[in-house]
Amino acid sequence: MKLKNQKTVYVWKMGRLVLTALVLWLFAGSIFCVKAAAAKPETPVMLSAKAVSASSIKIQWQVKERQTGAYAIYRKDGKGSFRIIDFVKALGTRKTTYLDETVMPGTRYTYAVAVIPKEKLVSPFVWSSSGNSSKKKLYFRKPDGTKVYKYLVFSGKNAIAKASASASNISYKPAETQKDAQLYALVRGGWGARSTKTKSAKTTLPSTKVISAKLVSTGTLKVKWKKSKGATGYVVYRRKKGSSSWKKIATVTGADQIYCYSTGNAANTTYYFTVKAYYKKGSKKVYASYNKTGLKVSLKSTSVPTKTASDASVYGPSLSGSQQAQVWQAVDSFCQNYITSDMSTVEKLMTAQLYMVKNCTYAATWARNGANTAWGALVYRNSQGIHEAQCSGYARGYKALCDGMGIPCKYVHSSTDSHQWVEVQVNGKWYIIDPTCNTATNFWMFLISGSTYRELWQGTVGSPQDVASVSTADYPEEKIKKAYNGYKVQNAIRKIF
């Protein structure tokens with residue numbers, strides 16, 4: 001009996017020990033889980049911050065563990081305080097980059113980054129959507145039990161749209177996004193600490209240089225300068241010899257407008273010209289440094305000397321001095337409105353051809369309205385407001401546009417019939433363009449070889465010297481198509497047509 005009781009007591013004690021061990025194990029496990037859940041997100045290490053243009057800085061950072069949430073980008077200007085300027089989706093890489101395109105030249109910016117854990121990105125319920133290929137709008141409900149900091153639409157790693165915590169809808173442009181665009185509610189609290197070791201960078205706006213200043217017509221002086229990369233406009237200044245103060249004569253807006261005109265120049269006067277490039281964002285404007293000496297120009301007269309017939313024959317042998325000046329003004333207007341300094345030679349040639357297609361029609365006769373001159377092709381307008389020219393006028397007008405763009409161009413007259421065209425130089429080789437024959441949709445006589453042209457025109461050729469200089473192969477068709485479909489030519493097309 002005693003043995004039986006002892007056995008019972010033993011079993012009871014063992015059971016209690018097992019139960020105690022189980023409780024302790026469960027308690028220890030719960031403590032471990034709480035500690036694991038309470039682990040703080042990693043703090044990123046900033047690697048670099050570099051200026052890549054006058055208005056953009058690229059930063060890079062890294063983490064030890066691959067992140068799948070997001071990053072908050074912090075920035076401060078000069079001695080100011082940090083604030084969040086953007087968000088980047090973490091795509092599981094240890095190193096990540098971000099391009100800040102909201103900076104002003106001349107200001108030093110300091111950057112830091114913080115981790116946003118993936119559980120802080122919650123997908124809200126989208127109850128409706130509207131829009132089309134150019135703009136889409138999502139209507140959503142706030143996630144229950146969360147304190148939202150901001151709503152974000154991510155495409156890849158970029159936040160392409162943002163909305164405040166009180167918003168109930170958000171809009172974005174599908175045409176500028178990928179198919180993986182997703183809406184998230186960014187929850188407050190539980191973010192990682194921002195980088196303690198920061199990185200800084202400062203951008204600068206390059207100065208520009210006046211290239212030339214010369215009379216192009218009576219009382220009109222053309223000033224030309226180099227483009228400043230990143231500039232959104234230029235201010236042109238002039239001073240007289242003996243004066244140290246600069247007088248503002250023009251403001252040219254747009255980074256690609258590189259010409260301006262100054263009128264009312266006095267005879268026997270020496271001027272100096274200089275240009276300040278500037279970058280404007282909102283109401284803020286930052287100027288680049290400028291040449292304080294300027295370009296010297298001595299004017300003996302405000303009139304442009306009348307060219308002789310032999311000098312003027314390339315644009316039209318019978319043109320008067322005033323007609324020649326009108327041609328040059330038309331060329332300058334074309335260059336100012338449609339040609340940008342970052343265009344390739346092919347893009348410029350294509351834009352000039354499209355301009356003539358739109359603004360010039362084939363004349364009924366060569367003997368009236370300067371139809372065999374550049375003046376007829378670029379200046380004269382009929383009752384419909386369109387220029388008129390025959391093949392000679394088309395070729396001379398195109399030659400004038402090429403001269404204005406600084407592209408080597410030769411006016412060519414057939415040795416077998418009365419037709420005219422031009423030869424232009426691209427990358428050291430000469431090609432044929434027949435501006436009379438090309439259309440807005442069919443560039444069949446654009447940058448072609450001599451053999452192709454003879455085949456198309458049934459044997460028409462220029463002089464032996466002209467024939468010898470032309471390339472034996474057409475300019476690559478795929479490069480012509482690429483130029484036509486590029487944004488620079490397409491932008492010119494929108495302006496022209």
# chains A, B, ... in the order shown; residues from 1 in each chain; ligands from 1
call {"tool": "select_by_dssp", "arguments": {"residues": "stretch 88-322 of chain A", "states": "alpha helix (DSSP H)", "output": "VMD selection string"}}
result
chain A and resid 309 to 312 321 to 322
call {"tool": "write_last_selection", "arguments": {"atoms": "all heavy atoms", "output": "PDB file, in the first residue's frame"}}
result
ATOM      1  N   ALA A 309      25.795  90.325-107.395  1.00  0.00           N
ATOM      2  CA  ALA A 309      25.012  89.224-107.953  1.00  0.00           C
ATOM      3  C   ALA A 309      25.711  87.886-107.772  1.00  0.00           C
ATOM      4  O   ALA A 309      25.101  86.878-107.488  1.00  0.00           O
ATOM      5  CB  ALA A 309      24.732  89.480-109.427  1.00  0.00           C
ATOM      6  N   SER A 310      27.047  87.875-107.955  1.00  0.00           N
ATOM      7  CA  SER A 310      27.773  86.616-107.832  1.00  0.00           C
ATOM      8  C   SER A 310      27.726  86.097-106.399  1.00  0.00           C
ATOM      9  O   SER A 310      27.624  84.904-106.155  1.00  0.00           O
ATOM     10  CB  SER A 310      29.224  86.805-108.271  1.00  0.00           C
ATOM     11  OG  SER A 310      29.847  87.801-107.464  1.00  0.00           O
ATOM     12  N   ASP A 311      27.758  87.026-105.420  1.00  0.00           N
ATOM     13  CA  ASP A 311      27.682  86.615-104.025  1.00  0.00           C
ATOM     14  C   ASP A 311      26.298  86.086-103.685  1.00  0.00           C
ATOM     15  O   ASP A 311      26.152  85.155-102.903  1.00  0.00           O
ATOM     16  CB  ASP A 311      28.002  87.793-103.097  1.00  0.00           C
ATOM     17  CG  ASP A 311      29.448  88.225-103.210  1.00  0.00           C
ATOM     18  OD1 ASP A 311      30.277  87.357-103.543  1.00  0.00           O
ATOM     19  OD2 ASP A 311      29.736  89.407-102.989  1.00  0.00           O
ATOM     20  N   ALA A 312      25.277  86.727-104.253  1.00  0.00           N
ATOM     21  CA  ALA A 312      23.911  86.379-103.901  1.00  0.00           C
ATOM     22  C   ALA A 312      23.340  85.245-104.737  1.00  0.00           C
ATOM     23  O   ALA A 312      22.257  84.759-104.456  1.00  0.00           O
ATOM     24  CB  ALA A 312      23.020  87.614-104.036  1.00  0.00           C
ATOM     25  N   GLY A 321      19.019  93.728-102.096  1.00  0.00           N
ATOM     26  CA  GLY A 321      19.588  93.691-100.755  1.00  0.00           C
ATOM     27  C   GLY A 321      18.521  93.467 -99.688  1.00  0.00           C
ATOM     28  O   GLY A 321      18.716  92.715 -98.735  1.00  0.00           O
ATOM     29  N   SER A 322      17.353  94.112 -99.835  1.00  0.00           N
ATOM     30  CA  SER A 322      16.285  93.940 -98.845  1.00  0.00           C
ATOM     31  C   SER A 322      15.704  92.530 -98.900  1.00  0.00           C
ATOM     32  O   SER A 322      15.352  91.951 -97.866  1.00  0.00           O
ATOM     33  CB  SER A 322      15.172  94.969 -99.089  1.00  0.00           C
ATOM     34  OG  SER A 322      14.587  94.788-100.369  1.00  0.00           O
TER      35      SER A 322
END
call {"tool": "residues_around", "arguments": {"residues": "A:Lys136", "least_positions_apart": "5", "cutoff": "10 Å", "atoms": "only C-alpha atoms", "output": "list in words"}}
result
Ser129, Ser130, Gly131, Ile170, Ser171, Tyr172, Lys173, Pro174 and Ala175 of chain A
call {"tool": "write_last_selection", "arguments": {"atoms": "C-alpha atoms", "output": "compact mmCIF listing (two decimals), in the first residue's frame"}}
result
# COMPACT_ATOMS: atom_id res chain seq x y z
CA SER A 129 -11.46 53.38 -60.95
CA SER A 130 -11.81 55.66 -63.96
CA GLY A 131 -9.71 57.23 -66.69
CA ILE A 170 -5.41 59.28 -56.32
CA SER A 171 -4.54 60.00 -59.97
CA TYR A 172 -1.55 58.97 -62.08
CA LYS A 173 -0.50 58.71 -65.72
CA PRO A 174 -0.53 55.11 -67.01
CA ALA A 175 1.36 56.11 -70.15
call {"tool": "closest_residue", "arguments": {"among": "A:Asp180, A:Asp77, A:Asp434, A:Asp100", "to": "A:Ala51", "atoms": "only C-alpha atoms"}}
result
A:Asp100
call {"tool": "atom_distance", "arguments": {"atom1": "atom CA of A:Leu91", "atom2": "atom CA of A:Trp61"}}
result
13.4 Å
call {"tool": "select_by_dssp", "arguments": {"residues": "stretch 46-106 of chain A", "states": "strand (DSSP E)", "output": "PyMOL selection string"}}
result
chain A and resi 46-53+56-62+70-77+83-89+95-100
call {"tool": "residues_around", "arguments": {"residues": "A:Asp144", "least_positions_apart": "6", "cutoff": "12 Å", "atoms": "only C-alpha atoms", "output": "list in words"}}
result
Val122, Ser123, Pro124, Phe125, Ala185 and Val187 of chain A
call {"tool": "write_last_selection", "arguments": {"atoms": "C-alpha atoms", "output": "PDB file, in the first residue's frame"}}
result
ATOM      1  CA  VAL A 122      -0.860  48.156 -46.760  1.00  0.00           C
ATOM      2  CA  SER A 123      -2.985  47.705 -49.870  1.00  0.00           C
ATOM      3  CA  PRO A 124      -6.222  49.697 -49.421  1.00  0.00           C
ATOM      4  CA  PHE A 125      -9.490  48.440 -50.899  1.00  0.00           C
ATOM      5  CA  ALA A 185      -1.217  53.068 -47.774  1.00  0.00           C
ATOM      6  CA  VAL A 187       1.365  53.395 -42.214  1.00  0.00           C
TER       7      VAL A 187
END
call {"tool": "closest_residue", "arguments": {"among": "A:Lys241, A:Lys209, A:Lys276, A:Lys429", "to": "A:Ala473", "atoms": "only C-alpha atoms"}}
result
A:Lys429
call {"tool": "residues_around", "arguments": {"residues": "A:Ser469", "least_positions_apart": "6", "cutoff": "10 Å", "atoms": "only C-alpha atoms", "output": "ChimeraX atom specification"}}
result
/A:423,429-431,450
call {"tool": "residues_around", "arguments": {"residues": "stretch 104-117 of chain A", "least_positions_apart": "4", "cutoff": "8 Å", "atoms": "only C-alpha atoms", "output": "ChimeraX atom specification"}}
result
/A:41-44,46,49,54-55,59,61,67-78,121,190-205,279,281,286
call {"tool": "atom_distance", "arguments": {"atom1": "atom CA of A:Thr274", "atom2": "atom CA of A:Ile57"}}
result
29.1 Å
call {"tool": "closest_residue", "arguments": {"among": "A:Tyr362, A:Trp246, A:Tyr149, A:Trp375", "to": "A:Ala325", "atoms": "only C-alpha atoms"}}
result
A:Trp375
call {"tool": "residues_around", "arguments": {"residues": "A:Gly404", "least_positions_apart": "3", "cutoff": "8 Å", "atoms": "only C-alpha atoms", "output": "PyMOL selection string"}}
result
chain A and resi 328+331-332+335+400-401+407
call {"tool": "write_last_selection", "arguments": {"atoms": "N, CA and C atoms", "output": "PDB file, in the first residue's frame"}}
result
ATOM      1  N   TRP A 328      17.503  86.029 -94.822  1.00  0.00           N
ATOM      2  CA  TRP A 328      18.283  85.732 -93.623  1.00  0.00           C
ATOM      3  C   TRP A 328      17.419  85.821 -92.374  1.00  0.00           C
ATOM      4  N   VAL A 331      15.414  82.646 -92.191  1.00  0.00           N
ATOM      5  CA  VAL A 331      16.273  81.536 -91.749  1.00  0.00           C
ATOM      6  C   VAL A 331      16.489  81.603 -90.241  1.00  0.00           C
ATOM      7  N   ASP A 332      16.772  82.797 -89.738  1.00  0.00           N
ATOM      8  CA  ASP A 332      16.987  82.952 -88.301  1.00  0.00           C
ATOM      9  C   ASP A 332      15.723  82.609 -87.518  1.00  0.00           C
ATOM     10  N   CYS A 335      15.462  78.816 -87.405  1.00  0.00           N
ATOM     11  CA  CYS A 335      16.419  78.232 -86.449  1.00  0.00           C
ATOM     12  C   CYS A 335      15.991  78.483 -85.008  1.00  0.00           C
ATOM     13  N   ALA A 400      19.786  77.767 -97.923  1.00  0.00           N
ATOM     14  CA  ALA A 400      19.804  78.874 -96.964  1.00  0.00           C
ATOM     15  C   ALA A 400      19.547  78.359 -95.546  1.00  0.00           C
ATOM     16  N   LEU A 401      18.600  77.424 -95.385  1.00  0.00           N
ATOM     17  CA  LEU A 401      18.327  76.853 -94.064  1.00  0.00           C
ATOM     18  C   LEU A 401      19.537  76.098 -93.532  1.00  0.00           C
ATOM     19  N   ILE A 407      25.321  73.701 -91.409  1.00  0.00           N
ATOM     20  CA  ILE A 407      25.559  72.392 -92.026  1.00  0.00           C
ATOM     21  C   ILE A 407      26.116  72.595 -93.430  1.00  0.00           C
TER      22      ILE A 407
END
call {"tool": "closest_residue", "arguments": {"among": "A:Gln182, A:Asn132, A:Ser418, A:Thr146", "to": "A:Glu119", "atoms": "only C-alpha atoms"}}
result
A:Thr146
call {"tool": "decode", "arguments": {"residues": "stretch 376-389 of chain A", "atoms": "all heavy atoms", "output": "compact mmCIF listing (two decimals), in the first residue's frame"}}
result
# COMPACT_ATOMS: atom_id res chain seq x y z
N GLY A 376 11.45 83.22 -102.71
CA GLY A 376 10.14 82.64 -103.02
C GLY A 376 9.81 81.47 -102.10
O GLY A 376 8.67 81.30 -101.67
N ALA A 377 10.82 80.67 -101.76
CA ALA A 377 10.60 79.47 -100.94
C ALA A 377 10.43 79.78 -99.46
O ALA A 377 9.78 79.03 -98.73
CB ALA A 377 11.77 78.49 -101.12
N LEU A 378 10.99 80.92 -99.00
CA LEU A 378 11.00 81.21 -97.56
C LEU A 378 10.30 82.49 -97.15
O LEU A 378 9.95 82.64 -95.97
CB LEU A 378 12.45 81.25 -97.05
CG LEU A 378 13.29 79.99 -97.26
CD1 LEU A 378 14.72 80.24 -96.79
CD2 LEU A 378 12.70 78.79 -96.54
N VAL A 379 10.09 83.43 -98.09
CA VAL A 379 9.56 84.74 -97.72
C VAL A 379 8.21 85.02 -98.38
O VAL A 379 7.22 85.32 -97.70
CB VAL A 379 10.56 85.86 -98.07
CG1 VAL A 379 9.99 87.23 -97.68
CG2 VAL A 379 11.90 85.62 -97.38
N TYR A 380 8.16 84.99 -99.72
CA TYR A 380 6.92 85.33 -100.43
C TYR A 380 5.77 84.41 -99.98
O TYR A 380 5.96 83.21 -99.76
CB TYR A 380 7.12 85.17 -101.95
CG TYR A 380 5.83 85.22 -102.72
CD1 TYR A 380 5.21 86.43 -103.01
CD2 TYR A 380 5.20 84.04 -103.12
CE1 TYR A 380 4.00 86.48 -103.70
CE2 TYR A 380 3.99 84.07 -103.81
CZ TYR A 380 3.39 85.29 -104.09
OH TYR A 380 2.19 85.33 -104.75
N ARG A 381 4.56 84.98 -99.86
CA ARG A 381 3.38 84.20 -99.52
C ARG A 381 2.26 84.50 -100.52
O ARG A 381 2.00 85.66 -100.86
CB ARG A 381 2.89 84.52 -98.10
CG ARG A 381 3.86 84.08 -97.02
CD ARG A 381 3.28 84.31 -95.63
NE ARG A 381 4.23 84.00 -94.59
CZ ARG A 381 4.42 82.78 -94.08
NH1 ARG A 381 3.71 81.76 -94.55
NH2 ARG A 381 5.31 82.59 -93.13
N ASN A 382 1.57 83.44 -100.96
CA ASN A 382 0.44 83.62 -101.87
C ASN A 382 -0.83 83.95 -101.08
O ASN A 382 -0.77 84.20 -99.87
CB ASN A 382 0.25 82.37 -102.75
CG ASN A 382 -0.02 81.12 -101.90
OD1 ASN A 382 -0.46 81.20 -100.75
ND2 ASN A 382 0.24 79.96 -102.49
N SER A 383 -1.97 83.94 -101.74
CA SER A 383 -3.22 84.32 -101.07
C SER A 383 -3.61 83.36 -99.96
O SER A 383 -4.38 83.72 -99.07
CB SER A 383 -4.36 84.39 -102.10
OG SER A 383 -4.52 83.14 -102.76
N GLN A 384 -3.07 82.15 -99.97
CA GLN A 384 -3.32 81.18 -98.90
C GLN A 384 -2.27 81.26 -97.79
O GLN A 384 -2.31 80.47 -96.84
CB GLN A 384 -3.36 79.75 -99.46
CG GLN A 384 -4.61 79.41 -100.26
CD GLN A 384 -4.57 80.01 -101.66
OE1 GLN A 384 -3.53 79.97 -102.32
NE2 GLN A 384 -5.70 80.56 -102.10
N GLY A 385 -1.35 82.22 -97.92
CA GLY A 385 -0.32 82.37 -96.91
C GLY A 385 0.81 81.37 -97.02
O GLY A 385 1.56 81.15 -96.06
N ILE A 386 0.96 80.73 -98.18
CA ILE A 386 1.98 79.70 -98.39
C ILE A 386 3.07 80.22 -99.32
O ILE A 386 2.81 80.96 -100.27
CB ILE A 386 1.36 78.42 -99.00
CG1 ILE A 386 0.22 77.91 -98.11
CG2 ILE A 386 2.41 77.34 -99.18
CD1 ILE A 386 0.65 77.49 -96.73
N HIS A 387 4.33 79.85 -99.05
CA HIS A 387 5.43 80.20 -99.95
C HIS A 387 5.30 79.40 -101.24
O HIS A 387 4.69 78.33 -101.27
CB HIS A 387 6.78 79.87 -99.29
CG HIS A 387 6.95 80.43 -97.92
ND1 HIS A 387 6.74 81.75 -97.62
CD2 HIS A 387 7.31 79.83 -96.74
CE1 HIS A 387 6.95 81.96 -96.33
NE2 HIS A 387 7.29 80.80 -95.78
N GLU A 388 5.89 79.93 -102.32
CA GLU A 388 5.84 79.25 -103.61
C GLU A 388 7.23 79.17 -104.21
O GLU A 388 7.99 80.14 -104.15
CB GLU A 388 4.91 79.99 -104.59
CG GLU A 388 3.44 79.85 -104.29
CD GLU A 388 2.58 80.49 -105.37
OE1 GLU A 388 3.15 81.07 -106.31
OE2 GLU A 388 1.34 80.40 -105.28
N ALA A 389 7.56 78.01 -104.78
CA ALA A 389 8.86 77.85 -105.44
C ALA A 389 8.82 76.67 -106.39
O ALA A 389 8.00 75.77 -106.25
CB ALA A 389 9.96 77.64 -104.39
